[in-house]
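See below for the structure under consideration.
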Amino acid sequence: GQFGFSQAGEYTLASFKSKADMYLENLGKKYGHPATIEDLENDYWRAVMNADEYLTVEYGNDLDTAACGSGFPTEAQDPKHGSHPFNFLQMPREEGSMLKFLEFDVKGITQPWMYVGMTFSTFCWHNEDNYLYSINYNHMGHPKIWYGVPGADAMKFEKVFEK
């Protein structure tokens with residue numbers, strides 16, 4: 001199989017969503033019915049396990065929310081929701097957060113990153129920055145499937161990939 005990353009085109013969120021929706025619609029034509037989670041998960045794992053098969057998808061990562069927006073309102077835009085403790089822009093500064101003691105923003109930690117993906121997009125298995133917890137919000141689109149490994153099993157998991 002072939003694996004790698006390359007630069008794709010530039011998109012607005014609307015144009016990327018349109019492309020992602022078309023990709024999923026074309027998969028439905030392959031199946032002869034709208035794609036189900038089971039169809040997609042079976043295809044995904046078949047491609048992962050089969051080195052001779054590969055999928056081409058587009059994915060945008062680490063998009064700077066200071067430049068492109070986060071999907072969450074600022075306090076100036078919406079005082080009620082902009083100051084809500086579950087607003088990702090607000091969360092690092094909430095009472096009880098150790099991140100509130102940082103005197104500057106750290107992208108991806110105190111300032112959220114934005115990610116966009118289409119069906120079969122994959123973000124590599126990893127430990128979070130500084131071993132902190134992660135939080136994600138799916139603003140639009142179809143359900144997202146997460147796979148996680150308990151910290152206690154991290155070494156076992158890494159040994160699988162060493163083989």
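A note on labels: chains of the structure tokens are A, B, ... as shown, every chain counts residues from 1, and ligands are counted from 1 in their shown order.
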
Could you make a table, as CSV, of the residues of range 51-126 of chain A that have an atom within 9 Å of an atom of range 133-140 of chain A, each with its nearest atom pair and distance in Å to one decimal, counting only C-alpha atoms, in chain and number order?
residue,atom,partner,partner_atom,distance
A:Gly71,CA,A:His139,CA,7.1
A:Phe88,CA,A:Ile135,CA,8.7
A:Ile109,CA,A:Ser134,CA,8.9

Original post:
Within 10 Å of Pro73 in chain A, counting only C-alpha atoms, which residues qualify if same-chain residues fewer than 5 places away don't, as a PyMOL selection string?
Top reply: chain A and resi 78-84+87-90

**OP:** Can you list, as a ChimeraX atom specification, all residues belonging to range 15-127 of chain A that DSSP tags as alpha helix (DSSP H)?
**Re:** /A:15-31,37-49,65-68,79-82

Residues just named, written with N, CA and C atoms as a short mmCIF file (atom, residue, chain, number, x, y, z; two decimals), in the first residue's frame:
data_model
loop_
_atom_site.label_atom_id
_atom_site.label_comp_id
_atom_site.auth_asym_id
_atom_site.auth_seq_id
_atom_site.Cartn_x
_atom_site.Cartn_y
_atom_site.Cartn_z
N SER A 15 -17.34 24.46 1.23
CA SER A 15 -16.88 23.69 0.07
C SER A 15 -16.27 22.36 0.50
N PHE A 16 -15.60 22.33 1.67
CA PHE A 16 -15.07 21.07 2.16
C PHE A 16 -16.22 20.12 2.52
N LYS A 17 -17.24 20.65 3.19
CA LYS A 17 -18.39 19.82 3.55
C LYS A 17 -19.05 19.25 2.30
N SER A 18 -19.17 20.05 1.26
CA SER A 18 -19.76 19.59 0.01
C SER A 18 -18.95 18.44 -0.58
N LYS A 19 -17.63 18.57 -0.58
CA LYS A 19 -16.76 17.51 -1.10
C LYS A 19 -16.88 16.24 -0.25
N ALA A 20 -16.89 16.41 1.07
CA ALA A 20 -17.01 15.26 1.98
C ALA A 20 -18.36 14.57 1.81
N ASP A 21 -19.42 15.34 1.65
CA ASP A 21 -20.75 14.76 1.44
C ASP A 21 -20.81 13.96 0.13
N MET A 22 -20.17 14.47 -0.91
CA MET A 22 -20.13 13.78 -2.21
C MET A 22 -19.35 12.46 -2.08
N TYR A 23 -18.26 12.48 -1.35
CA TYR A 23 -17.47 11.26 -1.11
C TYR A 23 -18.34 10.19 -0.45
N LEU A 24 -19.08 10.59 0.58
CA LEU A 24 -19.95 9.65 1.29
C LEU A 24 -21.10 9.19 0.39
N GLU A 25 -21.64 10.08 -0.41
CA GLU A 25 -22.72 9.70 -1.33
C GLU A 25 -22.21 8.67 -2.34
N ASN A 26 -21.00 8.85 -2.84
CA ASN A 26 -20.43 7.89 -3.79
C ASN A 26 -20.20 6.53 -3.13
N LEU A 27 -19.84 6.51 -1.86
CA LEU A 27 -19.72 5.24 -1.15
C LEU A 27 -21.07 4.54 -1.08
N GLY A 28 -22.12 5.31 -0.84
CA GLY A 28 -23.46 4.74 -0.81
C GLY A 28 -23.83 4.08 -2.13
N LYS A 29 -23.40 4.66 -3.24
CA LYS A 29 -23.66 4.05 -4.55
C LYS A 29 -22.94 2.71 -4.66
N LYS A 30 -21.73 2.64 -4.10
CA LYS A 30 -20.97 1.38 -4.10
C LYS A 30 -21.72 0.31 -3.32
N TYR A 31 -22.30 0.70 -2.19
CA TYR A 31 -23.02 -0.25 -1.35
C TYR A 31 -24.42 -0.57 -1.89
N ILE A 37 -23.06 2.99 9.45
CA ILE A 37 -21.84 2.98 10.27
C ILE A 37 -21.13 1.64 10.12
N GLU A 38 -21.90 0.55 10.08
CA GLU A 38 -21.30 -0.79 9.96
C GLU A 38 -20.56 -0.93 8.63
N ASP A 39 -21.17 -0.45 7.52
CA ASP A 39 -20.50 -0.49 6.21
C ASP A 39 -19.16 0.24 6.27
N LEU A 40 -19.20 1.43 6.83
CA LEU A 40 -18.02 2.28 6.85
C LEU A 40 -16.93 1.71 7.76
N GLU A 41 -17.34 1.21 8.91
CA GLU A 41 -16.35 0.65 9.82
C GLU A 41 -15.72 -0.61 9.22
N ASN A 42 -16.50 -1.44 8.55
CA ASN A 42 -15.95 -2.63 7.89
C ASN A 42 -14.95 -2.24 6.81
N ASP A 43 -15.29 -1.25 5.97
CA ASP A 43 -14.37 -0.79 4.92
C ASP A 43 -13.10 -0.19 5.53
N TYR A 44 -13.28 0.58 6.58
CA TYR A 44 -12.13 1.23 7.21
C TYR A 44 -11.14 0.18 7.72
N TRP A 45 -11.63 -0.77 8.49
CA TRP A 45 -10.71 -1.76 9.08
C TRP A 45 -10.14 -2.70 8.02
N ARG A 46 -10.88 -2.96 6.95
CA ARG A 46 -10.33 -3.77 5.86
C ARG A 46 -9.14 -3.04 5.24
N ALA A 47 -9.29 -1.73 5.04
CA ALA A 47 -8.18 -0.95 4.46
C ALA A 47 -6.99 -0.88 5.42
N VAL A 48 -7.27 -0.74 6.71
CA VAL A 48 -6.18 -0.70 7.70
C VAL A 48 -5.41 -2.01 7.69
N MET A 49 -6.11 -3.13 7.62
CA MET A 49 -5.48 -4.44 7.72
C MET A 49 -4.88 -4.94 6.41
N THR A 65 -7.67 28.55 15.25
CA THR A 65 -9.01 29.10 15.51
C THR A 65 -8.99 30.60 15.73
N ALA A 66 -7.82 31.17 16.04
CA ALA A 66 -7.73 32.63 16.14
C ALA A 66 -7.93 33.26 14.76
N ALA A 67 -7.56 32.52 13.72
CA ALA A 67 -7.69 33.02 12.35
C ALA A 67 -8.98 32.57 11.67
N CYS A 68 -9.40 31.31 11.93
CA CYS A 68 -10.55 30.78 11.17
C CYS A 68 -11.81 30.62 12.00
N PRO A 79 -22.61 37.04 24.99
CA PRO A 79 -22.20 36.99 26.40
C PRO A 79 -22.65 35.73 27.14
N LYS A 80 -23.84 35.23 26.87
CA LYS A 80 -24.34 34.05 27.58
C LYS A 80 -23.54 32.79 27.21
N HIS A 81 -23.44 32.49 25.91
CA HIS A 81 -22.76 31.28 25.46
C HIS A 81 -21.25 31.45 25.39
N GLY A 82 -20.80 32.68 25.16
CA GLY A 82 -19.37 32.94 25.09
C GLY A 82 -18.67 32.77 26.42
#

Subject >> Coordinates-based distance that separates CA of Gly117 in chain A from CA of Gly60 in chain A (Å, one decimal) >> reply: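 These atoms are spaced 6.3 Å apart.
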
Produce a table with one row for each residue of range 6-82 of chain A that has an atom at most 9 Å from any atom of range 121-130 of chain A, each row naming the nearest atom pair and its distance in Å at one decimal; use only C-alpha atoms; arrange rows by chain and rising residue number; format as a tab-separated table.
residue	atom	partner	partner_atom	distance
A:Thr56	CA	A:Ser121	CA	9.0
A:Val57	CA	A:Ser121	CA	6.3
A:Glu58	CA	A:Ser121	CA	6.9
A:Tyr59	CA	A:Ser121	CA	6.1
A:Asn61	CA	A:Phe123	CA	8.8

Take the selection from the previous step and output its residues with C-alpha atoms, as a short mmCIF file (atom, residue, chain, number, x, y, z; two decimals), in the first residue's frame.
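File part-v5.cif, as written:
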data_model
loop_
_atom_site.label_atom_id
_atom_site.label_comp_id
_atom_site.auth_asym_id
_atom_site.auth_seq_id
_atom_site.Cartn_x
_atom_site.Cartn_y
_atom_site.Cartn_z
CA THR A 56 -7.60 8.75 -0.47
CA VAL A 57 -9.34 11.25 1.75
CA GLU A 58 -8.78 14.84 2.77
CA TYR A 59 -8.38 16.11 6.30
CA ASN A 61 -5.66 19.58 11.06
#

Would you return as an mmCIF file with N, CA and C atoms, in the first residue's frame the members of range 58-110 of chain A that DSSP assigns to strand (DSSP E or B) on this structure's backbone?
data_model
loop_
_atom_site.group_PDB
_atom_site.id
_atom_site.type_symbol
_atom_site.label_atom_id
_atom_site.label_comp_id
_atom_site.auth_asym_id
_atom_site.auth_seq_id
_atom_site.Cartn_x
_atom_site.Cartn_y
_atom_site.Cartn_z
ATOM 1 N N TYR A 59 -8.242 15.826 4.882
ATOM 2 C CA TYR A 59 -8.377 16.114 6.300
ATOM 3 C C TYR A 59 -7.591 17.381 6.593
ATOM 4 N N GLY A 60 -8.162 18.268 7.345
ATOM 5 C CA GLY A 60 -7.452 19.483 7.741
ATOM 6 C C GLY A 60 -7.211 19.458 9.231
ATOM 7 N N ASN A 61 -5.970 19.663 9.639
ATOM 8 C CA ASN A 61 -5.662 19.581 11.064
ATOM 9 C C ASN A 61 -4.942 20.835 11.553
ATOM 10 N N ASP A 62 -5.026 21.035 12.848
ATOM 11 C CA ASP A 62 -4.349 22.149 13.515
ATOM 12 C C ASP A 62 -4.666 23.493 12.864
ATOM 13 N N LEU A 63 -5.938 23.684 12.513
ATOM 14 C CA LEU A 63 -6.342 24.957 11.943
ATOM 15 C C LEU A 63 -6.422 25.976 13.073
ATOM 16 N N ASP A 64 -5.797 27.107 12.879
ATOM 17 C CA ASP A 64 -5.700 28.138 13.913
ATOM 18 C C ASP A 64 -7.058 28.807 14.112
ATOM 19 N N LYS A 107 -1.429 27.287 21.661
ATOM 20 C CA LYS A 107 -2.315 26.717 20.652
ATOM 21 C C LYS A 107 -2.447 25.214 20.847
#

Subject >> Counting only C-alpha atoms, the residue of A:Val149, A:Ala8, A:Ala154, A:His142 that sits nearest Ala35 in chain A >> reply: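 Result for the nearest residue to Ala35 in chain A: A:His142.
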
Original post:
Which value, in Å to one decimal, gives the distance between CA of Val116 in chain A and CA of Ser70 in chain A?
Top reply: 11.4 Å

Subject >> Atom pair CA of Glu94 in chain A / CA of Tyr147 in chain A: separation (Å) >> reply: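 Interatomic distance, CA of Glu94 in chain A to CA of Tyr147 in chain A: 28.1 Å.
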
Original post:
Can you tell me, as a list of chain:residue names, what residues are no more than 12 Å from Gly96 in chain A when counting only C-alpha atoms, ignoring any on the same chain fewer than 5 positions away?
Top reply: A:Pro85, A:Met91, A:Phe101

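Among the candidates A:Gly69, A:Glu162, A:Lys156, A:Asn50, the residue lying nearest to Met114 in chain A is A:Gly69 (atoms considered: only C-alpha atoms).
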
Original post:
Of the candidates A:Gly151, A:Thr74, A:Phe104, A:Gly141, which shows the shortest atom-to-atom distance to Ala14 in chain A, using only C-alpha atoms?
Top reply: A:Gly141
